[in-house]
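Asker: Quick one: the structure is below, questions incoming.
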Amino acid sequence: MRRCMMGTCVLLCCAAAWSQETQDAARQSCPSETIGPLVKWPLADAPKLPLRTYTLDELAARFSAFKHEPAESAGFNHLTLPFRYLSTKFKDAGYEALAFSFLLSNAMDWADGCYCARHAYFTFKRSRSVMLPMRQQYDRRIIAQQIEEWEATHAIGGLLRRTNAGYSGILEVYDRSGEAILILEYSQPRDYFELLGDMAADAMRSLGYQPSEALVRHLKKKRCRDFQSIRDLGAAAFAAEKSNIEFGLYKRILHRDPAFAEVRYWYFNQKQWKDDNREDYILNMSRAMEDYLVESALTDLADEDAPYPAFSEKFGRWVDQAQELVGPEHPSILLIKLYDKHVKRTDEDIELAEKVVGRYPNCHWLLRQLGHIHYHKRKDPYMGASMYIAGLRNRFLPSMGHKRDFTLNLGSALYDLGHYAEAHSVLLPLWETRFDTCFSAYGCQMIPHALKAAGWLPESIAAQRRIYDALDKTTSYRSWVLVDFAITAAIHGDEKVLSQVVLDKREEVGSVIRILDAYLEASQGKQVDLGFEKDITKLDNWHPIKLFRVLAAQLDLLAGKSQCRRSIEEGICWDPFARELWLLIDMYDRRDPSPQMASFYSAIEWLFPHDEWVRQASADYRQRVTDPVFADAQQLLKELEEYKTVRWPVRPERLQPKASPYFWHGKAPPFWAAAAIRRLIEQGDYDRAHELALRHHYMCVQTLQDGLITQANWMIHLVELARDEAGATPASEPATRP
């Protein structure tokens, strides 16, 4: 039925392409129903999920698909110190030593595992009173304090000497305690940029990265024709941040040496924070890359739209050149490919990126992009959540946005996995402190839906009203907020709110007003005619159809009938994490127990062991049904043998008609395959469990139903985690693609 994730569908109301058989089944869900005076809606007393704060450690233990090295020891984040300066024959201010710090700081970005996000001049200006005296003398105690303050792992500095024969010096690298782990003398005078390249390469080696000869040659390239540009660059080190004096020095350098790429990068990077001229920044980054590859500029441009027609072709050449310097496994190269913008990514790139970010989980942007690929592209919010949690726990020092993108995506991924209380916990701090800037974000809009699914109806109503009032009147989604707000109020028994919406907002609500009318009529004790079902089905959108089915099932239950039971079972097949559908089917089964529902209770107990209602409902089912019927795993494997054991099948452009009917006509009760997979795991038959999970996932991909694909991906992870925990060795690894 639906082509978007459960949460996205609720929010954006994406239209879904249905097969004719699917539409026919939907139209046959319930007959028209009439009912007398209403006492209380069945969902009014939905059991509540406890709302509390979930720590990242708790969530990491529960969503552990992403395996990685400890963030505390993976990679490095260097704090660059002002180089001291010594000259016996030249009377100058030693500005070239400060410029040396600037250039060395940028050079270190090329090191594998470097996750520094604060370059030299940024820290110099923000810690001016501490950094300025270091031009003369280092203090190990202060170095340790600065490393801690900037959340770094090491500090890099040293001494620059100027002689008639050139430049010599000392490279010094300090650990977190302020202990020097490297003091390396360069006694032989050489060219300024030659010394820069030598020191940068040795600093990388001291931190565990072996630079290629090509990279060392790149770092030794001259950046400017006039050495006065170096002195002007040094003069900007402690100038007031983003001041006319600082920017004036950069403009003077670029007028004299327009090919000085690092200066162009830094000047326009800082300037955009002041004038908000992103277009100017992008054009100048492109100009800088023509002259000299700057790692920060390259990754910044990777996700931008092409500023001119030939840009993508040029960008591809720059990436090829960068790959010659650092190789295909460098986090920055992989990040550029994962953006899939100017350089196309492959499945091999994704696999390689997972291995690399497992080694370096502090590579924030690579981890973020991988999380997005799994969550949004592959419909695997379980792995996405695991990566977002790692991103929130890692040591990367974020900018002004902190890690809000990780938080919003984690919250929505948890929602799409049916973990509503956990989603609420993750998103609540942003809702409470940043509502004005985040209310339109996908994640924050999950708050009222999570509250409703968790059984907190009054709180959900208040949150929906808050979003409705904040949204611009031209926002198309606003009408759906109004619909959900009115229905939640109706179920809660707030007839006044429902009546106001029905009377005053009919035009805004649109065709779904018939559902609200029905709720109002029932709430007022009037008879309800559900003959408008076919009009709702014609909308080809799962959200209003689910709203209708929930209405019809509640009226059906109140009338003491079971005519809508099948439509709810089918709804769960397509929308496996809709808790309100769980509650309704449980009400039906308590009235009329079915042995075939054993799979449903077994699976939700497996997937949601922390939900007290799930545990109790499953225990109650076992008490009332003594002859449960489960799917035979071997028979299921035979039924699904045409679907390959491929981890990431290609998603078809259209729904495949052979896959969809499997979930209709009672052939497969809710969670039919999930229960079989659970039973295989409990028997220790991990290979068959994995095979069944893979074949089931392949079939789900053919249906284009994101809820099904999400569930299938989750089960594959659970099989693999159980197998790893048991120390079992897989018979074979699945292919990535057909």
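Ligands are numbered from 1 in the order shown, chains are lettered A, B, ... in the order of the structure tokens, and residues start at 1 in each chain.
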Write down as a ChimeraX atom specification the residues of stretch 288-521 of chain A whose backbone DSSP state falls under helix (DSSP H, G or I).
Answerer: /A:288-291,295-301,311-326,331-339,347-359,364-377,381-393,404-416,420-433,435-438,446-453,457-470,478-492,495-504,506-521
Asker: Extract the full set of strand (DSSP E or B) residues from stretch 111-279 of chain A according to DSSP on the backbone, and format it as an mmCIF file with N, CA, C and O atoms, in the first residue's frame.
Answerer:
```
data_model
loop_
_atom_site.group_PDB
_atom_site.id
_atom_site.type_symbol
_atom_site.label_atom_id
_atom_site.label_comp_id
_atom_site.auth_asym_id
_atom_site.auth_seq_id
_atom_site.Cartn_x
_atom_site.Cartn_y
_atom_site.Cartn_z
ATOM 1 N N CYS A 114 41.819 11.621 10.947
ATOM 2 C CA CYS A 114 41.772 12.961 11.550
ATOM 3 C C CYS A 114 40.329 13.453 11.561
ATOM 4 O O CYS A 114 39.659 13.470 10.535
ATOM 5 N N HIS A 154 45.457 15.401 20.935
ATOM 6 C CA HIS A 154 46.875 15.744 20.897
ATOM 7 C C HIS A 154 47.022 17.237 20.610
ATOM 8 O O HIS A 154 46.067 17.900 20.191
ATOM 9 N N ALA A 155 48.199 17.732 20.834
ATOM 10 C CA ALA A 155 48.559 19.089 20.425
ATOM 11 C C ALA A 155 49.814 19.001 19.572
ATOM 12 O O ALA A 155 50.712 18.191 19.842
ATOM 13 N N ILE A 156 49.866 19.836 18.538
ATOM 14 C CA ILE A 156 51.012 19.851 17.627
ATOM 15 C C ILE A 156 51.554 21.273 17.557
ATOM 16 O O ILE A 156 50.799 22.223 17.309
ATOM 17 N N GLY A 157 52.835 21.428 17.785
ATOM 18 C CA GLY A 157 53.485 22.731 17.707
ATOM 19 C C GLY A 157 54.968 22.550 17.458
ATOM 20 O O GLY A 157 55.396 21.544 16.896
ATOM 21 N N GLY A 158 55.721 23.540 17.905
ATOM 22 C CA GLY A 158 57.167 23.418 17.730
ATOM 23 C C GLY A 158 57.836 24.768 17.592
ATOM 24 O O GLY A 158 57.323 25.803 18.032
ATOM 25 N N LEU A 159 58.965 24.741 16.924
ATOM 26 C CA LEU A 159 59.816 25.928 16.773
ATOM 27 C C LEU A 159 60.179 26.086 15.307
ATOM 28 O O LEU A 159 60.519 25.112 14.632
ATOM 29 N N LEU A 160 60.120 27.311 14.812
ATOM 30 C CA LEU A 160 60.555 27.635 13.456
ATOM 31 C C LEU A 160 61.761 28.565 13.544
ATOM 32 O O LEU A 160 61.690 29.610 14.196
ATOM 33 N N ARG A 161 62.865 28.173 12.893
ATOM 34 C CA ARG A 161 64.075 29.010 12.861
ATOM 35 C C ARG A 161 64.269 29.560 11.456
ATOM 36 O O ARG A 161 64.128 28.826 10.471
ATOM 37 N N ARG A 162 64.658 30.819 11.403
ATOM 38 C CA ARG A 162 64.964 31.428 10.111
ATOM 39 C C ARG A 162 66.458 31.708 10.039
ATOM 40 O O ARG A 162 67.022 32.331 10.947
ATOM 41 N N THR A 163 67.083 31.231 8.979
ATOM 42 C CA THR A 163 68.516 31.465 8.775
ATOM 43 C C THR A 163 68.738 31.956 7.353
ATOM 44 O O THR A 163 67.823 31.959 6.525
ATOM 45 N N GLY A 166 67.810 29.224 4.883
ATOM 46 C CA GLY A 166 66.432 28.741 4.827
ATOM 47 C C GLY A 166 65.850 28.557 6.217
ATOM 48 O O GLY A 166 66.224 29.271 7.171
ATOM 49 N N TYR A 167 64.972 27.592 6.354
ATOM 50 C CA TYR A 167 64.265 27.383 7.615
ATOM 51 C C TYR A 167 64.583 25.994 8.184
ATOM 52 O O TYR A 167 64.671 25.008 7.456
ATOM 53 N N SER A 168 64.760 25.969 9.476
ATOM 54 C CA SER A 168 64.897 24.714 10.218
ATOM 55 C C SER A 168 63.943 24.798 11.404
ATOM 56 O O SER A 168 63.229 25.784 11.566
ATOM 57 N N GLY A 169 63.958 23.771 12.266
ATOM 58 C CA GLY A 169 63.053 23.871 13.402
ATOM 59 C C GLY A 169 62.914 22.586 14.171
ATOM 60 O O GLY A 169 63.661 21.624 13.988
ATOM 61 N N ILE A 170 61.895 22.567 15.034
ATOM 62 C CA ILE A 170 61.594 21.413 15.881
ATOM 63 C C ILE A 170 60.092 21.151 15.809
ATOM 64 O O ILE A 170 59.280 22.075 15.925
ATOM 65 N N LEU A 171 59.738 19.886 15.615
ATOM 66 C CA LEU A 171 58.338 19.466 15.658
ATOM 67 C C LEU A 171 58.063 18.830 17.013
ATOM 68 O O LEU A 171 58.824 17.978 17.467
ATOM 69 N N GLU A 172 56.964 19.258 17.659
ATOM 70 C CA GLU A 172 56.613 18.724 18.973
ATOM 71 C C GLU A 172 55.150 18.262 18.950
ATOM 72 O O GLU A 172 54.271 19.006 18.526
ATOM 73 N N VAL A 173 54.934 17.033 19.413
ATOM 74 C CA VAL A 173 53.579 16.480 19.509
ATOM 75 C C VAL A 173 53.342 16.068 20.956
ATOM 76 O O VAL A 173 54.171 15.371 21.553
ATOM 77 N N TYR A 174 52.193 16.511 21.522
ATOM 78 C CA TYR A 174 51.868 16.257 22.929
ATOM 79 C C TYR A 174 50.597 15.417 23.033
ATOM 80 O O TYR A 174 49.671 15.550 22.227
ATOM 81 N N ALA A 180 55.186 15.213 25.983
ATOM 82 C CA ALA A 180 55.651 15.209 24.605
ATOM 83 C C ALA A 180 55.876 13.773 24.155
ATOM 84 O O ALA A 180 56.648 13.031 24.761
ATOM 85 N N ILE A 181 55.153 13.357 23.099
ATOM 86 C CA ILE A 181 55.352 12.006 22.567
ATOM 87 C C ILE A 181 56.273 12.037 21.351
ATOM 88 O O ILE A 181 56.696 10.986 20.871
ATOM 89 N N LEU A 182 56.563 13.235 20.860
ATOM 90 C CA LEU A 182 57.510 13.374 19.755
ATOM 91 C C LEU A 182 58.179 14.737 19.835
ATOM 92 O O LEU A 182 57.500 15.764 19.919
ATOM 93 N N ILE A 183 59.495 14.732 19.834
ATOM 94 C CA ILE A 183 60.287 15.960 19.671
ATOM 95 C C ILE A 183 61.306 15.650 18.595
ATOM 96 O O ILE A 183 62.223 14.838 18.798
ATOM 97 N N LEU A 184 61.127 16.249 17.428
ATOM 98 C CA LEU A 184 61.953 15.911 16.278
ATOM 99 C C LEU A 184 62.649 17.162 15.755
ATOM 100 O O LEU A 184 61.999 18.161 15.418
ATOM 101 N N GLU A 185 63.958 17.091 15.693
ATOM 102 C CA GLU A 185 64.785 18.221 15.257
ATOM 103 C C GLU A 185 64.994 18.169 13.745
ATOM 104 O O GLU A 185 65.284 17.103 13.177
ATOM 105 N N TYR A 186 64.855 19.322 13.106
ATOM 106 C CA TYR A 186 65.161 19.482 11.681
ATOM 107 C C TYR A 186 66.283 20.514 11.593
ATOM 108 O O TYR A 186 66.038 21.715 11.449
ATOM 109 N N SER A 187 67.486 20.033 11.708
ATOM 110 C CA SER A 187 68.635 20.946 11.811
ATOM 111 C C SER A 187 69.092 21.474 10.464
ATOM 112 O O SER A 187 69.666 22.568 10.387
ATOM 113 N N GLN A 188 68.834 20.726 9.415
ATOM 114 C CA GLN A 188 69.283 21.142 8.083
ATOM 115 C C GLN A 188 68.316 22.182 7.514
ATOM 116 O O GLN A 188 67.148 21.887 7.282
ATOM 117 N N PRO A 189 68.778 23.425 7.277
ATOM 118 C CA PRO A 189 67.883 24.452 6.716
ATOM 119 C C PRO A 189 67.361 24.045 5.336
ATOM 120 O O PRO A 189 68.068 23.414 4.555
ATOM 121 N N ARG A 190 66.133 24.424 5.080
ATOM 122 C CA ARG A 190 65.505 24.094 3.797
ATOM 123 C C ARG A 190 64.431 25.132 3.481
ATOM 124 O O ARG A 190 64.149 26.025 4.286
#
```
Asker: Determine, using only C-alpha atoms, which residues of stretch 401-475 of chain A have any atom at most 12 Å from an atom of stretch 692-712 of chain A, and tabulate each with its shortest atom pair and distance in Å to one decimal place, rows ordered by chain and then rising number, as a Markdown table.
Answerer:
```
| residue | atom | partner | partner_atom | distance |
| --- | --- | --- | --- | --- |
| A:Ala413 | CA | A:Thr710 | CA | 10.0 |
| A:Leu414 | CA | A:Thr710 | CA | 11.2 |
| A:Tyr415 | CA | A:Gly707 | CA | 11.5 |
| A:Asp416 | CA | A:Gly707 | CA | 7.9 |
| A:Leu417 | CA | A:Thr710 | CA | 7.4 |
| A:Gly418 | CA | A:Gln711 | CA | 9.9 |
```
Asker: For all heavy atoms, I'd like the residues from the last selection saved as a tab-separated table (two decimals), in the first residue's frame.
Answerer:
```tsv
chain	number	residue	atom	x	y	z
A	413	ALA	N	13.95	7.57	13.34
A	413	ALA	CA	14.25	6.16	13.08
A	413	ALA	C	13.65	5.27	14.16
A	413	ALA	O	13.07	4.21	13.87
A	413	ALA	CB	15.77	5.95	13.00
A	414	LEU	N	13.76	5.70	15.41
A	414	LEU	CA	13.16	4.94	16.51
A	414	LEU	C	11.64	4.89	16.37
A	414	LEU	O	11.01	3.86	16.63
A	414	LEU	CB	13.55	5.55	17.85
A	414	LEU	CG	15.04	5.46	18.23
A	414	LEU	CD1	15.31	6.25	19.50
A	414	LEU	CD2	15.46	4.01	18.41
A	415	TYR	N	11.06	5.99	15.94
A	415	TYR	CA	9.61	6.00	15.71
A	415	TYR	C	9.24	4.99	14.63
A	415	TYR	O	8.28	4.22	14.77
A	415	TYR	CB	9.16	7.40	15.30
A	415	TYR	CG	7.68	7.49	15.02
A	415	TYR	CD1	6.78	7.83	16.02
A	415	TYR	CD2	7.17	7.20	13.75
A	415	TYR	CE1	5.41	7.88	15.77
A	415	TYR	CE2	5.82	7.25	13.49
A	415	TYR	CZ	4.94	7.59	14.51
A	415	TYR	OH	3.59	7.63	14.25
A	416	ASP	N	9.99	4.99	13.54
A	416	ASP	CA	9.68	4.08	12.44
A	416	ASP	C	9.89	2.63	12.81
A	416	ASP	O	9.40	1.73	12.13
A	416	ASP	CB	10.52	4.44	11.21
A	416	ASP	CG	10.03	5.72	10.54
A	416	ASP	OD1	8.92	6.17	10.86
A	416	ASP	OD2	10.76	6.27	9.69
A	417	LEU	N	10.64	2.38	13.88
A	417	LEU	CA	10.83	1.02	14.39
A	417	LEU	C	9.80	0.66	15.46
A	417	LEU	O	9.87	-0.41	16.07
A	417	LEU	CB	12.24	0.86	14.96
A	417	LEU	CG	13.37	0.80	13.93
A	417	LEU	CD1	14.72	1.03	14.61
A	417	LEU	CD2	13.36	-0.53	13.19
A	418	GLY	N	8.85	1.56	15.72
A	418	GLY	CA	7.83	1.29	16.72
A	418	GLY	C	8.27	1.50	18.15
A	418	GLY	O	7.57	1.11	19.08
```
Asker: Which of these, A:Gln635, A:Gln554, A:Asn284, A:Thr537, has the shortest distance to A:Ala676 once you count only C-alpha atoms?
Answerer: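 Checking each of A:Gln635, A:Gln554, A:Asn284, A:Thr537 against A:Ala676, counting only C-alpha atoms, the winner is A:Gln635.
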Asker: Using only C-alpha atoms for the distances, tell me which of A:Ala239, A:Leu471, A:Leu49, A:Cys438 is nearest to A:Asp611.
Answerer: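 Of A:Ala239, A:Leu471, A:Leu49, A:Cys438, the one nearest A:Asp611 is A:Leu49, counting only C-alpha atoms.
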Asker: Please provide as an NGL selection string all residues within 12 Å of stretch 220-232 of chain A, with the sequence filter that same-chain residues fewer than 4 positions apart are discarded (counting only C-alpha atoms).
Answerer: :A and (92-104 or 107 or 190-201 or 213-216 or 236-239 or 245-264 or 288 or 291-294)
